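Asker: Pasting a structure here, questions to come.
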Amino acid sequence: MVARLSKDTMIGIGASSLEEIRKAIQWFKEENAENRLTLMHGFQGFPTKLEDMNMSQIKTYKELFGLQVGFLDHTEGETEESIYLALAAKAFGAFAVEKHIVIDRQAKGLDYESALSVASFKKFIHQIRQLEIAIGNRIPQPLSVGEQKYREFMKKKIIARNNILQGEVLNDSNLTFKRSEGGLSQEYYELI
């Protein structure tokens, strides 16, 4: 049994019921205390129809089983869908996306229906790397330089609504909030 090898293992769960998936995970865990198991969502429809993909289940399986879930992509190769649906799977949380590659689609070799040409595969890799950068990190991070610059520009500050005379009491009638290079942060309003 593969689980006894203590190797990272992916189990294809396409066209499987929840109970079948639960049993497979249980059997694997009984043989592999390290639990180096991931699930792969999707099935080989050659090509898989859009209505059969149900990529929302990637998140569901992650939550139900507490395991990483990848995506087995068998959309029609060399179509826009074969690129953007795989990118969408990544955005849904797929830790990996399986794509087929073929040197010559005209040769009609194994799995050619869902395979990408070398040029399309290179484009796909570039796009998925760009997407990974854009997805970022779920853990809040310190503001980036770009966010800080935006914050300085967009956040409204406390400024004088009109000329304020010396000794005049500050109140809502002589203060306002506007985008400004000068002024105090809104957090000081109650203090003022």
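Identifiers in this document derive from the order of the structure tokens: chains are assigned A, B, ..., residues are numbered from 1 separately in each chain, and ligands are numbered from 1 in order of occurrence.
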Which of chain A end up as alpha helix (DSSP H) when DSSP is run on this backbone - answer as a ChimeraX atom specification?

Answerer: /A:18-31,56-65,80-91,118-135,145-154

Asker: Give me, as a tab-separated table (two decimals) with all heavy atoms, in the first residue's frame, all polymer residues having an atom no more than 12 Å from Ala91 of chain A, counting only C-alpha atoms and skipping those fewer than 4 positions away in the same chain.

Answerer:
```
chain	number	residue	atom	x	y	z
A	55	MET	N	-15.56	23.81	-8.92
A	55	MET	CA	-14.34	24.18	-8.21
A	55	MET	C	-14.58	24.71	-6.81
A	55	MET	O	-13.67	24.74	-6.00
A	55	MET	CB	-13.53	25.17	-9.04
A	55	MET	CG	-12.84	24.50	-10.20
A	55	MET	SD	-11.67	25.57	-11.02
A	55	MET	CE	-12.73	26.45	-12.12
A	56	SER	N	-15.81	25.10	-6.50
A	56	SER	CA	-16.12	25.53	-5.13
A	56	SER	C	-15.83	24.41	-4.13
A	56	SER	O	-15.59	24.67	-2.96
A	56	SER	CB	-17.58	25.95	-5.02
A	56	SER	OG	-17.82	27.10	-5.78
A	58	ILE	N	-13.27	22.70	-3.88
A	58	ILE	CA	-11.88	22.73	-3.40
A	58	ILE	C	-11.87	23.27	-1.97
A	58	ILE	O	-11.27	22.66	-1.08
A	58	ILE	CB	-11.00	23.59	-4.34
A	58	ILE	CG1	-10.86	22.90	-5.70
A	58	ILE	CG2	-9.62	23.85	-3.71
A	58	ILE	CD1	-10.22	23.76	-6.78
A	59	LYS	N	-12.53	24.39	-1.75
A	59	LYS	CA	-12.60	24.96	-0.40
A	59	LYS	C	-13.35	24.04	0.55
A	59	LYS	O	-12.97	23.87	1.70
A	59	LYS	CB	-13.26	26.34	-0.44
A	59	LYS	CG	-12.38	27.42	-1.02
A	59	LYS	CD	-13.05	28.78	-0.94
A	59	LYS	CE	-12.12	29.84	-1.48
A	59	LYS	NZ	-12.68	31.18	-1.36
A	70	GLY	N	-5.75	19.94	-4.38
A	70	GLY	CA	-5.30	20.43	-5.68
A	70	GLY	C	-6.39	20.24	-6.71
A	70	GLY	O	-7.50	19.79	-6.41
A	71	PHE	N	-6.07	20.59	-7.94
A	71	PHE	CA	-7.05	20.53	-9.02
A	71	PHE	C	-6.50	19.77	-10.21
A	71	PHE	O	-5.43	20.09	-10.73
A	71	PHE	CB	-7.44	21.95	-9.45
A	71	PHE	CG	-8.42	22.02	-10.57
A	71	PHE	CD1	-9.68	21.47	-10.47
A	71	PHE	CD2	-8.07	22.65	-11.76
A	71	PHE	CE1	-10.59	21.55	-11.52
A	71	PHE	CE2	-8.97	22.74	-12.82
A	71	PHE	CZ	-10.23	22.18	-12.69
A	84	TYR	N	-7.75	29.98	-17.94
A	84	TYR	CA	-8.35	30.75	-16.86
A	84	TYR	C	-9.05	29.87	-15.81
A	84	TYR	O	-9.12	30.25	-14.64
A	84	TYR	CB	-9.26	31.88	-17.36
A	84	TYR	CG	-10.60	31.52	-17.92
A	84	TYR	CD1	-11.63	31.06	-17.12
A	84	TYR	CD2	-10.87	31.70	-19.28
A	84	TYR	CE1	-12.87	30.77	-17.64
A	84	TYR	CE2	-12.11	31.42	-19.80
A	84	TYR	CZ	-13.11	30.95	-18.98
A	84	TYR	OH	-14.35	30.66	-19.50
A	85	LEU	N	-9.52	28.69	-16.19
A	85	LEU	CA	-10.13	27.83	-15.17
A	85	LEU	C	-9.07	27.25	-14.22
A	85	LEU	O	-9.31	27.12	-13.02
A	85	LEU	CB	-10.94	26.71	-15.83
A	85	LEU	CG	-12.22	27.20	-16.51
A	85	LEU	CD1	-12.88	26.08	-17.31
A	85	LEU	CD2	-13.19	27.77	-15.48
A	86	ALA	N	-7.91	26.94	-14.75
A	86	ALA	CA	-6.83	26.47	-13.88
A	86	ALA	C	-6.38	27.59	-12.95
A	86	ALA	O	-6.08	27.36	-11.77
A	86	ALA	CB	-5.66	25.97	-14.72
A	87	LEU	N	-6.35	28.83	-13.46
A	87	LEU	CA	-6.01	29.97	-12.61
A	87	LEU	C	-7.09	30.17	-11.54
A	87	LEU	O	-6.78	30.47	-10.38
A	87	LEU	CB	-5.87	31.23	-13.45
A	87	LEU	CG	-4.72	31.24	-14.48
A	87	LEU	CD1	-4.80	32.49	-15.35
A	87	LEU	CD2	-3.38	31.13	-13.81
A	95	PHE	N	-3.71	23.94	-3.97
A	95	PHE	CA	-2.28	24.06	-3.70
A	95	PHE	C	-1.47	23.71	-4.94
A	95	PHE	O	-0.31	24.11	-5.06
A	95	PHE	CB	-1.86	23.17	-2.51
A	95	PHE	CG	-1.63	21.73	-2.89
A	95	PHE	CD1	-0.34	21.28	-3.13
A	95	PHE	CD2	-2.68	20.85	-3.03
A	95	PHE	CE1	-0.12	19.96	-3.50
A	95	PHE	CE2	-2.47	19.55	-3.38
A	95	PHE	CZ	-1.18	19.09	-3.62
A	96	ALA	N	-2.08	22.97	-5.86
A	96	ALA	CA	-1.41	22.58	-7.10
A	96	ALA	C	-2.46	22.42	-8.18
A	96	ALA	O	-3.62	22.18	-7.91
A	96	ALA	CB	-0.66	21.26	-6.91
A	97	VAL	N	-2.02	22.57	-9.42
A	97	VAL	CA	-2.90	22.38	-10.57
A	97	VAL	C	-2.20	21.42	-11.52
A	97	VAL	O	-1.07	21.66	-11.92
A	97	VAL	CB	-3.19	23.71	-11.29
A	97	VAL	CG1	-4.00	23.48	-12.55
A	97	VAL	CG2	-3.90	24.68	-10.36
A	128	ILE	N	0.19	31.75	-13.86
A	128	ILE	CA	-0.07	31.21	-12.52
A	128	ILE	C	0.90	31.79	-11.50
A	128	ILE	O	0.53	32.06	-10.36
A	128	ILE	CB	-0.10	29.67	-12.51
A	128	ILE	CG1	-1.00	29.18	-11.38
A	128	ILE	CG2	1.28	29.06	-12.39
A	128	ILE	CD1	-1.54	27.80	-11.53
A	129	ARG	N	2.13	32.06	-11.90
A	129	ARG	CA	3.09	32.69	-10.99
A	129	ARG	C	2.66	34.12	-10.68
A	129	ARG	O	2.79	34.59	-9.54
A	129	ARG	CB	4.51	32.67	-11.57
A	129	ARG	CG	5.08	31.28	-11.73
A	129	ARG	CD	5.27	30.58	-10.39
A	129	ARG	NE	5.73	29.22	-10.58
A	129	ARG	CZ	5.05	28.13	-10.22
A	129	ARG	NH1	3.88	28.24	-9.62
A	129	ARG	NH2	5.53	26.92	-10.43
A	130	GLN	N	2.15	34.84	-11.69
A	130	GLN	CA	1.65	36.19	-11.47
A	130	GLN	C	0.45	36.16	-10.52
A	130	GLN	O	0.33	37.00	-9.63
A	130	GLN	CB	1.24	36.84	-12.80
A	130	GLN	CG	2.39	37.08	-13.76
A	130	GLN	CD	3.39	38.07	-13.21
A	130	GLN	OE1	4.44	37.70	-12.71
A	130	GLN	NE2	3.06	39.34	-13.27
A	131	LEU	N	-0.43	35.18	-10.71
A	131	LEU	CA	-1.60	35.04	-9.85
A	131	LEU	C	-1.17	34.77	-8.41
A	131	LEU	O	-1.73	35.34	-7.47
A	131	LEU	CB	-2.50	33.92	-10.36
A	131	LEU	CG	-3.71	33.61	-9.48
A	131	LEU	CD1	-4.69	34.78	-9.48
A	131	LEU	CD2	-4.39	32.34	-9.93
A	132	GLU	N	-0.20	33.91	-8.21
A	132	GLU	CA	0.27	33.60	-6.86
A	132	GLU	C	0.76	34.86	-6.15
A	132	GLU	O	0.50	35.06	-4.96
A	132	GLU	CB	1.38	32.55	-6.91
A	132	GLU	CG	0.87	31.18	-7.26
A	132	GLU	CD	1.96	30.17	-7.56
A	132	GLU	OE1	3.10	30.56	-7.86
A	132	GLU	OE2	1.67	28.96	-7.50
A	133	ILE	N	1.45	35.72	-6.89
A	133	ILE	CA	1.91	36.98	-6.30
A	133	ILE	C	0.71	37.83	-5.90
A	133	ILE	O	0.65	38.39	-4.80
A	133	ILE	CB	2.81	37.74	-7.30
A	133	ILE	CG1	4.13	36.98	-7.50
A	133	ILE	CG2	3.08	39.17	-6.81
A	133	ILE	CD1	4.95	37.48	-8.68
A	134	ALA	N	-0.28	37.91	-6.79
A	134	ALA	CA	-1.46	38.74	-6.53
A	134	ALA	C	-2.31	38.19	-5.39
A	134	ALA	O	-2.88	38.96	-4.61
A	134	ALA	CB	-2.30	38.87	-7.79
A	135	ILE	N	-2.39	36.88	-5.25
A	135	ILE	CA	-3.18	36.27	-4.17
A	135	ILE	C	-2.59	36.65	-2.81
A	135	ILE	O	-3.31	36.95	-1.87
A	135	ILE	CB	-3.28	34.74	-4.32
A	135	ILE	CG1	-4.22	34.41	-5.49
A	135	ILE	CG2	-3.76	34.08	-3.04
A	135	ILE	CD1	-4.27	32.94	-5.85
A	136	GLY	N	-1.29	36.67	-2.73
A	136	GLY	CA	-0.63	37.11	-1.50
A	136	GLY	C	-0.77	36.13	-0.35
A	136	GLY	O	-0.80	34.93	-0.53
A	137	ASN	N	-0.91	36.70	0.85
A	137	ASN	CA	-0.87	35.93	2.09
A	137	ASN	C	-2.12	36.22	2.90
A	137	ASN	O	-2.51	37.38	3.04
A	137	ASN	CB	0.39	36.35	2.86
A	137	ASN	CG	0.71	35.44	4.01
A	137	ASN	OD1	-0.18	34.90	4.66
A	137	ASN	ND2	1.98	35.26	4.26
```

Asker: Would you please work out which residue, of A:Gln106, A:Gln186, A:Gln57, A:Thr75, is nearest to Gly45 of chain A when using only C-alpha atoms?

Answerer: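 Looking at the shortest contact to Gly45 of chain A, the residue is A:Thr75.
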
Asker: Taking 4 positions as the minimum chain separation for residues in the same chain, which residues sit within 8 Å of Lys156 of chain A when counting only C-alpha atoms? Answer as a PyMOL selection string.

Answerer: chain A and resi 177-180+185-186

Asker: What does the file look like for those residues with all heavy atoms, as a PDB file, in the first residue's frame?

Answerer:
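The result, written out as again.pdb:
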```
ATOM      1  N   PHE A 177     -12.876  67.256   7.648  1.00  0.00           N
ATOM      2  CA  PHE A 177     -11.996  66.166   7.205  1.00  0.00           C
ATOM      3  C   PHE A 177     -11.827  66.264   5.693  1.00  0.00           C
ATOM      4  O   PHE A 177     -12.816  66.292   4.960  1.00  0.00           O
ATOM      5  CB  PHE A 177     -12.603  64.797   7.536  1.00  0.00           C
ATOM      6  CG  PHE A 177     -12.785  64.569   9.008  1.00  0.00           C
ATOM      7  CD1 PHE A 177     -14.007  64.795   9.612  1.00  0.00           C
ATOM      8  CD2 PHE A 177     -11.735  64.126   9.784  1.00  0.00           C
ATOM      9  CE1 PHE A 177     -14.185  64.579  10.965  1.00  0.00           C
ATOM     10  CE2 PHE A 177     -11.901  63.900  11.152  1.00  0.00           C
ATOM     11  CZ  PHE A 177     -13.129  64.133  11.742  1.00  0.00           C
ATOM     12  N   LYS A 178     -10.599  66.340   5.245  1.00  0.00           N
ATOM     13  CA  LYS A 178     -10.319  66.370   3.809  1.00  0.00           C
ATOM     14  C   LYS A 178      -8.987  65.695   3.539  1.00  0.00           C
ATOM     15  O   LYS A 178      -8.146  65.585   4.428  1.00  0.00           O
ATOM     16  CB  LYS A 178     -10.271  67.812   3.290  1.00  0.00           C
ATOM     17  CG  LYS A 178     -11.621  68.503   3.272  1.00  0.00           C
ATOM     18  CD  LYS A 178     -11.553  69.799   2.530  1.00  0.00           C
ATOM     19  CE  LYS A 178     -12.953  70.422   2.490  1.00  0.00           C
ATOM     20  NZ  LYS A 178     -12.957  71.658   1.756  1.00  0.00           N
ATOM     21  N   ARG A 179      -8.828  65.296   2.279  1.00  0.00           N
ATOM     22  CA  ARG A 179      -7.514  64.816   1.860  1.00  0.00           C
ATOM     23  C   ARG A 179      -6.571  66.010   1.853  1.00  0.00           C
ATOM     24  O   ARG A 179      -6.883  67.042   1.245  1.00  0.00           O
ATOM     25  CB  ARG A 179      -7.581  64.200   0.472  1.00  0.00           C
ATOM     26  CG  ARG A 179      -8.324  62.913   0.442  1.00  0.00           C
ATOM     27  CD  ARG A 179      -8.255  62.286  -0.940  1.00  0.00           C
ATOM     28  NE  ARG A 179      -9.188  61.183  -0.988  1.00  0.00           N
ATOM     29  CZ  ARG A 179     -10.004  60.931  -1.987  1.00  0.00           C
ATOM     30  NH1 ARG A 179      -9.983  61.696  -3.053  1.00  0.00           N
ATOM     31  NH2 ARG A 179     -10.823  59.919  -1.944  1.00  0.00           N
ATOM     32  N   SER A 180      -5.472  65.850   2.525  1.00  0.00           N
ATOM     33  CA  SER A 180      -4.565  66.979   2.653  1.00  0.00           C
ATOM     34  C   SER A 180      -3.163  66.478   2.959  1.00  0.00           C
ATOM     35  O   SER A 180      -2.997  65.450   3.620  1.00  0.00           O
ATOM     36  CB  SER A 180      -5.059  67.885   3.787  1.00  0.00           C
ATOM     37  OG  SER A 180      -4.102  68.869   4.085  1.00  0.00           O
ATOM     38  N   SER A 185      -4.214  63.166  11.801  1.00  0.00           N
ATOM     39  CA  SER A 185      -4.949  61.934  11.530  1.00  0.00           C
ATOM     40  C   SER A 185      -6.308  61.970  12.227  1.00  0.00           C
ATOM     41  O   SER A 185      -6.466  62.576  13.296  1.00  0.00           O
ATOM     42  CB  SER A 185      -4.139  60.736  12.044  1.00  0.00           C
ATOM     43  OG  SER A 185      -4.900  59.563  11.978  1.00  0.00           O
ATOM     44  N   GLN A 186      -7.287  61.303  11.643  1.00  0.00           N
ATOM     45  CA  GLN A 186      -8.643  61.257  12.206  1.00  0.00           C
ATOM     46  C   GLN A 186      -8.656  60.696  13.629  1.00  0.00           C
ATOM     47  O   GLN A 186      -9.545  60.999  14.414  1.00  0.00           O
ATOM     48  CB  GLN A 186      -9.546  60.394  11.321  1.00  0.00           C
ATOM     49  CG  GLN A 186      -9.777  60.958   9.957  1.00  0.00           C
ATOM     50  CD  GLN A 186     -10.623  60.021   9.111  1.00  0.00           C
ATOM     51  OE1 GLN A 186     -11.485  59.325   9.622  1.00  0.00           O
ATOM     52  NE2 GLN A 186     -10.382  60.021   7.823  1.00  0.00           N
TER      53      GLN A 186
END
```

Asker: In segment 4-166 of chain A, what's strand (DSSP E) per DSSP? Answer as a VMD selection string?

Answerer: chain A and resid 9 to 12 37 to 41 69 to 72 97 to 98 100 to 101 115 to 116 157 to 160

Asker: Calculate how many Å separate atom CA of Glu187 of chain A from atom CA of Arg161 of chain A, rounding to one decimal.

Answerer: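 Computing the Euclidean distance for atom CA of Glu187 of chain A and atom CA of Arg161 of chain A yields 17.7 Å.
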
Asker: Identify, on the basis of only C-alpha atoms, every residue whose closest approach to Gln68 of chain A does not exceed 10 Å; exclude the query and any residue fewer than 4 positions from it along the same chain; express the result as a PyMOL selection string.

Answerer: chain A and resi 10+36-40+58-59+61-63+93-96
